[in-house]
$ cat coords-v8.cif   # mmCIF, C-alpha atoms and all ligand atoms
data_data
loop_
_atom_site.label_atom_id
_atom_site.label_comp_id
_atom_site.auth_asym_id
_atom_site.auth_seq_id
_atom_site.Cartn_x
_atom_site.Cartn_y
_atom_site.Cartn_z
CA MET T 8 0.00 0.00 0.00
CA VAL T 9 1.31 3.43 -0.98
CA ALA T 10 0.04 6.41 1.06
CA PRO T 11 -1.70 9.23 -0.87
CA PRO T 12 -0.23 12.64 -1.74
CA ASP T 13 0.03 14.97 1.28
CA ASN T 14 -2.41 17.62 0.08
CA ASP T 15 -5.24 15.15 -0.58
CA VAL T 16 -7.65 14.82 2.31
CA LEU T 17 -9.32 11.90 0.52
CA TRP T 18 -7.78 9.66 -2.06
CA ALA T 19 -9.09 6.61 -3.85
CA ARG T 20 -7.40 4.14 -6.17
CA GLY T 21 -9.03 1.52 -8.38
CA LEU T 22 -12.38 1.54 -6.57
CA THR T 23 -14.63 -1.28 -7.68
CA TYR T 24 -18.06 -1.97 -6.20
CA ALA T 25 -21.07 -4.03 -7.26
CA HIS T 26 -24.60 -3.95 -5.82
CA ASP T 27 -25.90 -7.53 -5.81
CA GLY T 28 -23.54 -8.45 -8.62
CA SER T 29 -24.40 -5.43 -10.77
CA PRO T 30 -21.33 -3.18 -11.21
CA ALA T 31 -21.65 0.37 -9.85
CA LEU T 32 -17.98 1.43 -9.77
CA GLN T 33 -15.32 0.02 -12.06
CA GLY T 34 -11.80 1.09 -11.12
CA VAL T 35 -12.30 4.72 -10.10
CA SER T 36 -9.19 6.62 -8.99
CA MET T 37 -9.37 10.19 -7.70
CA GLY T 38 -8.20 12.61 -5.06
CA VAL T 39 -9.93 15.37 -3.10
CA ARG T 40 -7.73 18.23 -1.97
CA ASP T 41 -7.94 19.74 1.49
CA GLY T 42 -10.54 22.54 1.54
CA GLU T 43 -11.77 22.12 -2.01
CA ILE T 44 -15.35 21.79 -3.20
CA LEU T 45 -15.40 18.88 -5.62
CA ALA T 46 -18.45 18.09 -7.74
CA VAL T 47 -19.03 14.47 -8.77
CA THR T 48 -21.28 14.59 -11.82
CA GLY T 49 -22.80 12.09 -14.20
CA PRO T 50 -26.19 10.88 -15.37
CA ARG T 51 -28.55 8.88 -13.17
CA GLY T 52 -27.11 5.50 -12.28
CA SER T 53 -23.52 6.46 -13.16
CA GLY T 54 -22.26 5.62 -9.66
CA LYS T 55 -22.14 9.00 -7.88
CA THR T 56 -23.88 7.84 -4.68
CA THR T 57 -21.88 4.63 -4.59
CA LEU T 58 -18.64 6.59 -4.94
CA LEU T 59 -19.58 8.96 -2.09
CA ARG T 60 -20.57 6.01 0.08
CA CYS T 61 -17.24 4.27 -0.57
CA LEU T 62 -15.25 7.45 0.10
CA SER T 63 -17.13 8.05 3.36
CA GLY T 64 -16.66 4.50 4.63
CA GLN T 65 -20.34 3.55 4.45
CA LEU T 66 -19.52 0.92 1.84
CA VAL T 67 -16.34 -1.13 1.63
CA PRO T 68 -15.12 -1.46 -1.98
CA ARG T 69 -14.69 -4.96 -3.38
CA GLN T 70 -11.34 -3.82 -4.77
CA GLY T 71 -9.30 -0.68 -4.40
CA GLU T 72 -8.21 1.69 -1.68
CA VAL T 73 -9.68 4.70 0.13
CA TRP T 74 -7.46 6.92 2.25
CA PHE T 75 -8.49 9.71 4.61
CA ASN T 76 -5.37 11.82 5.16
CA SER T 77 -2.75 9.16 5.81
CA THR T 78 -5.17 6.57 7.19
CA PRO T 79 -6.44 3.66 5.07
CA VAL T 80 -10.25 3.52 5.35
CA HIS T 81 -10.72 0.34 3.26
CA THR T 82 -8.94 -1.81 5.87
CA MET T 83 -10.73 -0.35 8.93
CA GLY T 84 -13.14 -2.45 10.95
CA PRO T 85 -16.80 -1.38 11.13
CA LEU T 86 -16.50 0.33 14.52
CA THR T 87 -13.49 2.41 13.50
CA ARG T 88 -15.23 3.45 10.28
CA GLU T 89 -18.32 4.38 12.29
CA ARG T 90 -16.20 6.54 14.61
CA LEU T 91 -14.50 8.19 11.62
CA ARG T 92 -17.89 9.04 10.10
CA ARG T 93 -19.20 10.37 13.41
CA ASP T 94 -16.15 12.49 14.25
CA ARG T 95 -14.88 13.71 10.87
CA PHE T 96 -17.56 13.41 8.19
CA GLY T 97 -20.93 15.00 7.51
CA TRP T 98 -23.54 13.61 5.14
CA ILE T 99 -26.54 15.09 3.31
CA ASP T 100 -28.97 12.75 1.57
CA PRO T 101 -31.23 13.82 -1.31
CA GLU T 102 -34.33 13.28 0.85
CA PRO T 103 -34.51 14.73 4.36
CA VAL T 104 -34.43 12.06 7.07
CA LEU T 105 -34.95 13.42 10.60
CA VAL T 106 -35.81 11.81 13.93
CA PRO T 107 -39.56 12.37 14.25
CA GLU T 108 -39.54 12.35 18.09
CA LEU T 109 -37.00 15.19 18.32
CA ASN T 110 -37.68 18.83 17.54
CA VAL T 111 -35.78 20.78 14.90
CA TRP T 112 -32.95 22.09 17.08
CA GLU T 113 -32.48 18.70 18.75
CA ASN T 114 -32.25 17.04 15.33
CA THR T 115 -29.71 19.68 14.26
CA ALA T 116 -27.65 19.30 17.43
CA LEU T 117 -27.43 15.50 17.22
CA PRO T 118 -23.91 15.27 15.67
CA LEU T 119 -22.54 17.51 18.43
CA MET T 120 -24.27 15.60 21.22
CA LEU T 121 -23.00 12.31 19.77
CA ARG T 122 -19.50 13.74 20.06
CA GLY T 123 -20.10 14.60 23.71
CA THR T 124 -20.91 18.34 23.48
CA GLY T 125 -23.18 19.50 26.34
CA ARG T 126 -26.86 20.16 25.57
CA ARG T 127 -26.67 23.93 26.09
CA ALA T 128 -23.64 24.47 23.82
CA ALA T 129 -25.10 22.08 21.22
CA ARG T 130 -28.38 24.01 21.26
CA THR T 131 -26.61 27.36 20.78
CA ALA T 132 -24.64 26.04 17.81
CA ALA T 133 -27.73 24.39 16.31
CA LEU T 134 -29.74 27.62 16.56
CA GLU T 135 -26.95 29.57 14.82
CA TRP T 136 -26.95 27.22 11.83
CA LEU T 137 -30.75 27.13 11.70
CA GLU T 138 -30.79 30.97 11.58
CA ARG T 139 -28.28 30.93 8.71
CA LEU T 140 -30.57 28.60 6.81
CA ASP T 141 -33.62 30.79 7.56
CA ILE T 142 -35.35 28.15 9.64
CA GLY T 143 -34.55 29.43 13.13
CA SER T 144 -38.18 30.29 13.86
CA SER T 145 -39.09 26.59 13.55
CA ALA T 146 -36.49 25.41 16.08
CA ARG T 147 -39.11 23.99 18.46
CA LYS T 148 -41.29 22.33 15.84
CA ARG T 149 -41.28 18.61 15.13
CA PRO T 150 -40.23 17.48 11.62
CA HIS T 151 -43.82 16.53 10.71
CA GLY T 152 -44.80 20.20 11.15
CA LEU T 153 -42.39 21.33 8.42
CA LEU T 154 -42.51 21.40 4.66
CA GLN T 155 -40.25 18.92 2.87
CA SER T 156 -37.99 21.80 1.76
CA GLU T 157 -37.75 23.09 5.36
CA ARG T 158 -36.81 19.61 6.55
CA GLN T 159 -34.00 19.54 3.97
CA ARG T 160 -32.66 22.83 5.30
CA VAL T 161 -32.60 21.26 8.79
CA VAL T 162 -30.60 18.37 7.32
CA VAL T 163 -28.09 20.85 5.86
CA ALA T 164 -27.80 22.63 9.24
CA ARG T 165 -27.28 19.26 10.95
CA ALA T 166 -24.52 18.36 8.49
CA LEU T 167 -22.67 21.63 9.14
CA VAL T 168 -23.16 22.05 12.89
CA ALA T 169 -20.18 19.92 13.89
CA THR T 170 -17.91 21.46 11.19
CA PRO T 171 -16.90 18.13 9.66
CA THR T 172 -13.54 17.76 7.96
CA VAL T 173 -15.33 16.42 4.88
CA LEU T 174 -18.97 16.99 4.00
CA PHE T 175 -20.54 14.56 1.53
CA ALA T 176 -23.60 16.08 -0.12
CA ASP T 177 -25.59 13.73 -2.34
CA GLU T 178 -27.92 15.83 -4.53
CA PRO T 179 -28.49 18.18 -1.55
CA THR T 180 -31.10 20.31 -3.30
CA ALA T 181 -33.17 17.48 -4.80
CA ALA T 182 -35.94 18.03 -2.24
CA LEU T 183 -35.95 21.81 -2.64
CA HIS T 184 -37.90 24.09 -4.91
CA ARG T 185 -35.64 25.60 -7.60
CA THR T 186 -36.00 29.07 -6.02
CA GLU T 187 -34.47 27.73 -2.78
CA HIS T 188 -31.42 26.13 -4.43
CA ALA T 189 -29.30 29.27 -4.48
CA HIS T 190 -29.77 30.12 -0.80
CA VAL T 191 -29.02 26.63 0.46
CA LEU T 192 -26.04 26.17 -1.87
CA ARG T 193 -24.67 29.60 -0.97
CA THR T 194 -24.91 28.77 2.75
CA LEU T 195 -23.27 25.42 2.16
CA THR T 196 -20.38 26.74 0.07
CA ALA T 197 -19.85 29.81 2.29
CA ALA T 198 -19.73 27.56 5.36
CA ALA T 199 -17.26 25.29 3.61
CA ARG T 200 -14.97 28.21 2.70
CA SER T 201 -15.14 29.94 6.07
CA HIS T 202 -14.77 26.77 8.18
CA ASP T 203 -12.30 24.99 5.89
CA ILE T 204 -14.70 22.11 5.23
CA THR T 205 -13.89 19.95 2.21
CA VAL T 206 -17.06 19.20 0.23
CA VAL T 207 -17.75 16.28 -2.10
CA LEU T 208 -20.97 17.14 -3.91
CA ALA T 209 -22.82 14.64 -6.10
CA THR T 210 -25.08 16.25 -8.67
CA HIS T 211 -26.37 15.70 -12.17
CA ASP T 212 -27.08 19.44 -12.49
CA SER T 213 -24.31 21.33 -14.32
CA GLU T 214 -25.41 24.65 -12.79
CA ILE T 215 -24.85 23.24 -9.30
CA ALA T 216 -21.56 21.63 -10.35
CA SER T 217 -20.34 25.04 -11.55
CA LEU T 218 -20.16 26.17 -7.90
CA ALA T 219 -17.38 23.66 -7.30
CA ASP T 220 -13.64 24.21 -7.71
CA ARG T 221 -13.32 21.06 -9.77
CA THR T 222 -15.53 18.43 -11.33
CA VAL T 223 -15.05 14.69 -11.66
CA SER T 224 -17.43 13.01 -14.09
CA LEU T 225 -18.66 9.43 -13.97
CA LEU T 226 -20.26 7.32 -16.66
CA ASP T 227 -21.30 3.72 -16.06
CA GLY T 228 -19.16 3.55 -12.94
CA ARG T 229 -16.02 4.83 -14.64
CA CYS T 230 -14.31 8.16 -14.29
CA VAL T 231 -14.44 9.91 -17.65
CA LYS T 232 -12.91 13.32 -17.09
CA THR T 233 -11.81 15.91 -14.58
CA VAL T 234 -12.47 19.61 -15.00
CA ARG T 235 -10.77 22.29 -12.97
CA LEU T 236 -12.60 25.60 -12.72
CA PRO T 237 -9.98 28.37 -12.42
CA SER T 238 -10.63 30.77 -9.56
CA ALA T 239 -10.98 34.52 -10.12
CA ALA T 240 -7.36 34.75 -8.92
CA ASP T 241 -6.36 32.88 -12.06
CA GLY T 242 -7.63 35.90 -13.98
CA GLU T 243 -9.92 33.84 -16.16
CA GLY T 244 -13.17 33.98 -14.23
CA ARG T 245 -14.68 30.54 -13.81
CA ALA T 246 -14.29 29.24 -17.33
CA ALA T 247 -13.81 25.50 -17.44
CA ALA T 248 -10.43 24.05 -18.29
CA GLU T 249 -10.16 20.45 -19.34
CA GLY T 250 -7.58 18.40 -17.50
CA GLY T 251 -6.29 21.33 -15.46
CA GLY T 252 -4.12 21.01 -12.37
CA ARG T 253 -3.18 17.35 -12.33
CA ALA T 254 -4.56 13.99 -13.18
CA ALA T 255 -6.91 13.71 -10.22
CA CYS T 256 -9.31 11.35 -11.87
CA SER T 257 -8.06 8.61 -14.10
CA LEU T 258 -9.72 6.53 -16.72
CA SER T 259 -8.61 3.33 -15.14
CA ALA T 260 -10.83 0.81 -16.85
N1 LIG T 301 -28.93 -0.75 -3.29
C1 LIG T 301 -28.77 -1.08 -4.58
N2 LIG T 301 -29.09 -2.32 -5.03
C2 LIG T 301 -28.90 -2.66 -6.33
N3 LIG T 301 -28.39 -1.82 -7.26
C3 LIG T 301 -28.07 -0.57 -6.87
C4 LIG T 301 -28.23 -0.13 -5.50
N4 LIG T 301 -27.82 1.14 -5.42
C5 LIG T 301 -27.41 1.49 -6.66
N5 LIG T 301 -27.56 0.47 -7.52
C6 LIG T 301 -27.20 0.48 -8.96
O1 LIG T 301 -25.82 0.85 -9.04
C7 LIG T 301 -25.61 1.75 -10.12
C8 LIG T 301 -25.03 3.06 -9.58
O2 LIG T 301 -26.01 3.67 -8.74
P1 LIG T 301 -25.75 5.02 -7.95
O3 LIG T 301 -26.95 5.28 -7.09
O4 LIG T 301 -24.43 4.96 -7.29
O5 LIG T 301 -25.68 6.07 -9.15
P2 LIG T 301 -26.02 7.64 -9.14
O6 LIG T 301 -25.18 8.24 -10.19
O7 LIG T 301 -25.90 8.17 -7.75
O8 LIG T 301 -27.52 7.66 -9.58
P3 LIG T 301 -28.71 8.67 -9.11
O9 LIG T 301 -28.34 10.01 -9.67
O10 LIG T 301 -29.93 8.08 -9.75
O11 LIG T 301 -28.74 8.62 -7.62
C9 LIG T 301 -26.97 1.92 -10.81
O12 LIG T 301 -27.03 1.01 -11.86
C10 LIG T 301 -27.96 1.55 -9.72
O13 LIG T 301 -29.14 1.03 -10.29
#
$ encode --input "coords-v8.cif" --output "structure tokens"
Amino acid sequence: MVAPPDNDVLWARGLTYAHDGSPALQGVSMGVRDGEILAVTGPRGSGKTTLLRCLSGQLVPRQGEVWFNSTPVHTMGPLTRERLRRDRFGWIDPEPVLVPELNVWENTALPLMLRGTGRRAARTAALEWLERLDIGSSARKRPHGLLQSERQRVVVARALVATPTVLFADEPTAALHRTEHAHVLRTLTAAARSHDITVVLATHDSEIASLADRTVSLLDGRCVKTVRLPSAADGEGRAAAEGGGRAACSLSA
């Protein structure tokens, strides 16, 4: 096993995964740099969710390696992976899943309380994030009293509250009305920049992918290209550049 490059917070080599014998990933290699927002794009069924689940340690690849900093994730036991997910990763699903018996702020504060933060401090942090997502006035409501789009904003607040090292966002605006996309995505990307959270964002929407620093594209479980979007500092606006930077995503089939 060869450890990944130093500036990659996540790194994968030759990832292969099949769901019930049907291939979902076929030899995907890629890296995610510390602090970057990386979009994983591709049509439905191309393997985006499976890739995020392998990178986050929810699934163990049949072949290949996943590294988080200098730690191999693919060889970890289930309890160590669970602890890694709890302490270092955040996750946003396309559909909002909340605990129905807890109110909005308690749902939001859960990741902090699971890490041992006291109830009062967890509540304060939860309320701050709920305010940023314009849902602070519903802090005492139960999830069933919210609209689907409001529940999704609670899920985003919950994913950010513990300032994870890496946030995995799987189609985070799928449950939102188009008019709400911009606000939620702006909050998410601003939080990532200001709190140095690395984001891996799965989306089939090119407009959403354009918010990222770089894009990795999947097709039929294979990595087909990587696109680096130059920052304003590059003096070229955000025009796409094929194959910029380095070979972060390889066609390894
Ligand atoms: N739990 C599962 N059981 C069986 N097959 C699955 C399962 N999850 C995904 N697949 C299959 O694996 C392939 C990759 O699916 P995946 O969900 O990773 O792709 P995706 O790009 O995220 O798609 P979508 O945008 O529709 O979520 C698809 O062919 C899908 O049908």
$ closest_residue --input "coords-v8.cif" --among "T:Val39, T:Leu32, T:Leu109, T:Leu140" --to "ligand LIG 301 (chain T)" --atoms "all atoms listed in the file"
T:Leu32
$ closest_residue --input "coords-v8.cif" --among "T:Asp220, T:Glu72, T:Asp141, T:Asp41" --to "T:Arg20" --atoms "all atoms listed in the file"
T:Glu72
$ residues_near_ligand --input "coords-v8.cif" --ligand "ligand LIG 301 (chain T)" --cutoff "9 Å" --atoms "only C-alpha atoms and all ligand atoms" --output "count of residues only"
33
$ atom_distance --input "coords-v8.cif" --atom1 "atom CA of T:Pro68" --atom2 "atom CA of T:Ser36"
12.2 Å
$ atom_distance --input "coords-v8.cif" --atom1 "atom CA of T:Thr194" --atom2 "atom CA of T:Thr180"
12.1 Å
$ atom_distance --input "coords-v8.cif" --atom1 "atom CA of T:Leu134" --atom2 "atom CA of T:Thr115"
8.3 Å
$ residues_around --input "coords-v8.cif" --residues "T:Ala19" --least-positions-apart "3" --cutoff "8 Å" --atoms "only C-alpha atoms" --output "PyMOL selection string"
chain T and resi 22+35-38+62+71-74
$ closest_residue --input "coords-v8.cif" --among "T:Thr205, T:Asn114, T:Thr172, T:Asn76" --to "T:Trp136" --atoms "only C-alpha atoms"
T:Asn114
$ closest_residue --input "coords-v8.cif" --among "T:Ala116, T:Arg122, T:Arg127, T:Leu174" --to "T:Val161" --atoms "only C-alpha atoms"
T:Ala116
$ residues_near_point --input "coords-v8.cif" --point "(-25.6, 14.7, 17.7)" --cutoff "12 Å" --atoms "all atoms listed in the file" --output "count of residues only"
32
$ closest_residue --input "coords-v8.cif" --among "T:Ile215, T:Val173, T:Cys61, T:Leu137" --to "T:Ala189" --atoms "all atoms listed in the file"
T:Ile215
$ residues_around --input "coords-v8.cif" --residues "T:Leu195" --least-positions-apart "2" --cutoff "10 Å" --atoms "only C-alpha atoms" --output "short mmCIF file (atom, residue, chain, number, x, y, z; two decimals) with C-alpha atoms, keeping the file's coordinate frame"
data_model
loop_
_atom_site.label_atom_id
_atom_site.label_comp_id
_atom_site.auth_asym_id
_atom_site.auth_seq_id
_atom_site.Cartn_x
_atom_site.Cartn_y
_atom_site.Cartn_z
CA ARG T 139 -28.28 30.93 8.71
CA LEU T 140 -30.57 28.60 6.81
CA VAL T 163 -28.09 20.85 5.86
CA ALA T 164 -27.80 22.63 9.24
CA ALA T 166 -24.52 18.36 8.49
CA LEU T 167 -22.67 21.63 9.14
CA LEU T 174 -18.97 16.99 4.00
CA ALA T 176 -23.60 16.08 -0.12
CA PRO T 179 -28.49 18.18 -1.55
CA ALA T 189 -29.30 29.27 -4.48
CA HIS T 190 -29.77 30.12 -0.80
CA VAL T 191 -29.02 26.63 0.46
CA LEU T 192 -26.04 26.17 -1.87
CA ARG T 193 -24.67 29.60 -0.97
CA ALA T 197 -19.85 29.81 2.29
CA ALA T 198 -19.73 27.56 5.36
CA ALA T 199 -17.26 25.29 3.61
CA ARG T 200 -14.97 28.21 2.70
CA ILE T 204 -14.70 22.11 5.23
CA VAL T 206 -17.06 19.20 0.23
#
$ closest_residue --input "coords-v8.cif" --among "T:Asn14, T:Arg95, T:Ser145, T:Ala219" --to "T:Arg158" --atoms "all atoms listed in the file"
T:Ser145
$ axis_aligned_box --input "coords-v8.cif" --around "stretch 175-186 of chain T" --padding-each-side "5 Å" --output "AutoDock Vina command-line options"
--center_x -29.2 --center_y 21.4 --center_z -3.0 --size_x 27.4 --size_y 25.3 --size_z 19.1
$ build_atoms --input "coords-v8.cif" --residues "stretch 113-128 of chain T" --atoms "N, CA and C atoms" --output "PDB file, in the frame of the given file"
ATOM      1  N   GLU T 113     -33.086  19.942  18.232  1.00  0.00           N
ATOM      2  CA  GLU T 113     -32.480  18.700  18.750  1.00  0.00           C
ATOM      3  C   GLU T 113     -31.955  17.833  17.607  1.00  0.00           C
ATOM      4  N   ASN T 114     -32.727  17.762  16.519  1.00  0.00           N
ATOM      5  CA  ASN T 114     -32.250  17.040  15.330  1.00  0.00           C
ATOM      6  C   ASN T 114     -30.945  17.647  14.835  1.00  0.00           C
ATOM      7  N   THR T 115     -30.900  18.977  14.790  1.00  0.00           N
ATOM      8  CA  THR T 115     -29.710  19.680  14.260  1.00  0.00           C
ATOM      9  C   THR T 115     -28.505  19.449  15.165  1.00  0.00           C
ATOM     10  N   ALA T 116     -28.751  19.409  16.466  1.00  0.00           N
ATOM     11  CA  ALA T 116     -27.650  19.300  17.430  1.00  0.00           C
ATOM     12  C   ALA T 116     -27.109  17.882  17.582  1.00  0.00           C
ATOM     13  N   LEU T 117     -27.801  16.911  16.991  1.00  0.00           N
ATOM     14  CA  LEU T 117     -27.430  15.500  17.220  1.00  0.00           C
ATOM     15  C   LEU T 117     -25.940  15.186  17.005  1.00  0.00           C
ATOM     16  N   PRO T 118     -25.329  15.624  15.878  1.00  0.00           N
ATOM     17  CA  PRO T 118     -23.910  15.270  15.670  1.00  0.00           C
ATOM     18  C   PRO T 118     -23.006  15.784  16.790  1.00  0.00           C
ATOM     19  N   LEU T 119     -23.350  16.968  17.336  1.00  0.00           N
ATOM     20  CA  LEU T 119     -22.540  17.510  18.430  1.00  0.00           C
ATOM     21  C   LEU T 119     -22.735  16.690  19.699  1.00  0.00           C
ATOM     22  N   MET T 120     -23.991  16.354  19.991  1.00  0.00           N
ATOM     23  CA  MET T 120     -24.270  15.600  21.220  1.00  0.00           C
ATOM     24  C   MET T 120     -23.652  14.203  21.151  1.00  0.00           C
ATOM     25  N   LEU T 121     -23.635  13.631  19.930  1.00  0.00           N
ATOM     26  CA  LEU T 121     -23.000  12.310  19.770  1.00  0.00           C
ATOM     27  C   LEU T 121     -21.498  12.386  20.024  1.00  0.00           C
ATOM     28  N   ARG T 122     -20.942  13.570  19.794  1.00  0.00           N
ATOM     29  CA  ARG T 122     -19.500  13.740  20.060  1.00  0.00           C
ATOM     30  C   ARG T 122     -19.231  14.159  21.495  1.00  0.00           C
ATOM     31  N   GLY T 123     -20.288  14.303  22.291  1.00  0.00           N
ATOM     32  CA  GLY T 123     -20.100  14.600  23.710  1.00  0.00           C
ATOM     33  C   GLY T 123     -20.267  16.061  24.081  1.00  0.00           C
ATOM     34  N   THR T 124     -20.665  16.924  23.152  1.00  0.00           N
ATOM     35  CA  THR T 124     -20.910  18.340  23.480  1.00  0.00           C
ATOM     36  C   THR T 124     -22.128  18.437  24.402  1.00  0.00           C
ATOM     37  N   GLY T 125     -22.065  19.324  25.401  1.00  0.00           N
ATOM     38  CA  GLY T 125     -23.180  19.500  26.340  1.00  0.00           C
ATOM     39  C   GLY T 125     -24.414  20.046  25.619  1.00  0.00           C
ATOM     40  N   ARG T 126     -25.592  19.799  26.219  1.00  0.00           N
ATOM     41  CA  ARG T 126     -26.860  20.160  25.570  1.00  0.00           C
ATOM     42  C   ARG T 126     -26.952  21.660  25.289  1.00  0.00           C
ATOM     43  N   ARG T 127     -26.529  22.485  26.254  1.00  0.00           N
ATOM     44  CA  ARG T 127     -26.670  23.930  26.090  1.00  0.00           C
ATOM     45  C   ARG T 127     -25.803  24.438  24.922  1.00  0.00           C
ATOM     46  N   ALA T 128     -24.550  24.025  24.901  1.00  0.00           N
ATOM     47  CA  ALA T 128     -23.640  24.470  23.820  1.00  0.00           C
ATOM     48  C   ALA T 128     -24.114  23.927  22.470  1.00  0.00           C
TER      49      ALA T 128
END
